[in-house]
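Structure first, commentary second.
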Amino acid sequence: MRYLSLFSGAGGGELACEHLLGWRCVGRVEWSDHCQRVLSARVREGLLDDAPLYGDLRAFIDQGYARAYQGMVDVVVAGFPCQPFSAAGK
């Protein structure tokens, strides 16, 4: 199964998708600079699939990247919103 990850966070859900389910990531969207760095490190370490990483969901849609993924993915996964629990930005 090929999946597209939205709101990827630091990649915890992706570790499950790839290592437990055996799915292959074909793209990620995550706006947090810190999380982007963590995801990139996990790719370099070989823990996550090497896939394009987009930083802004609106640009991902507006610039036509989302449309390019139509028919390419079997599953779209999305991270749990952390806003109610996060101390980021406070």
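Ordering of the structure tokens sets the chain letters (A, B, ...), residue numbers begin anew at 1 in every chain, and ligands are numbered from 1 in the order given.
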- Message: as a PyMOL selection string, please: every residue in chain A that a backbone DSSP assignment puts in strand (DSSP E).
- Response: chain A and resi 2-6+24-29+53-54+75-78
- Contacts of Leu48 (chain A) within 12 Å, only C-alpha atoms, excl. fewer than 4 positions in-chain, as a PyMOL selection string: chain A and resi 5+8+10-19+22-28+38-44+52-53
- Task: Name the residues of region 9-61 of chain A that fall into helix (DSSP H, G or I) according to DSSP on the backbone, using the chain letters and numbers of this document, as a list in words.
- Result: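 Reading the DSSP output for region 9-61 of chain A, helix (DSSP H, G or I) covers Gly12, Gly13, Glu14, Leu15, Ala16, Cys17, Glu18, His19, Leu20, Asp33, His34, Cys35, Gln36, Arg37, Val38, Leu39, Ser40, Ala41, Arg42, Val43, Arg44, Leu57, Arg58, Ala59, Phe60 and Ile61 of chain A.
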- What's the 8 Å shell around Val76 (chain A), counting only C-alpha atoms, without same-chain residues fewer than 3 positions away, as a ChimeraX atom specification? /A:3-6,73
- Message: Could you list, as a ChimeraX atom specification, every residue within 9 Å of Trp31 (chain A), counting only C-alpha atoms and ignoring same-chain residues fewer than 2 positions away?
- Response: /A:7-9,29,33-36,54-57
- What separation in Å, quoted to one decimal, exists between CA of Ile61 (chain A) and CA of Leu20 (chain A)? 29.3 Å
- Message: Here is a test: counting only C-alpha atoms, which residue of A:Ala68, A:Asp49, A:Glu30, A:Ala59 is nearest to Arg2 (chain A)?
- Response: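 Counting only C-alpha atoms, the residue closest to Arg2 (chain A) is A:Asp49.
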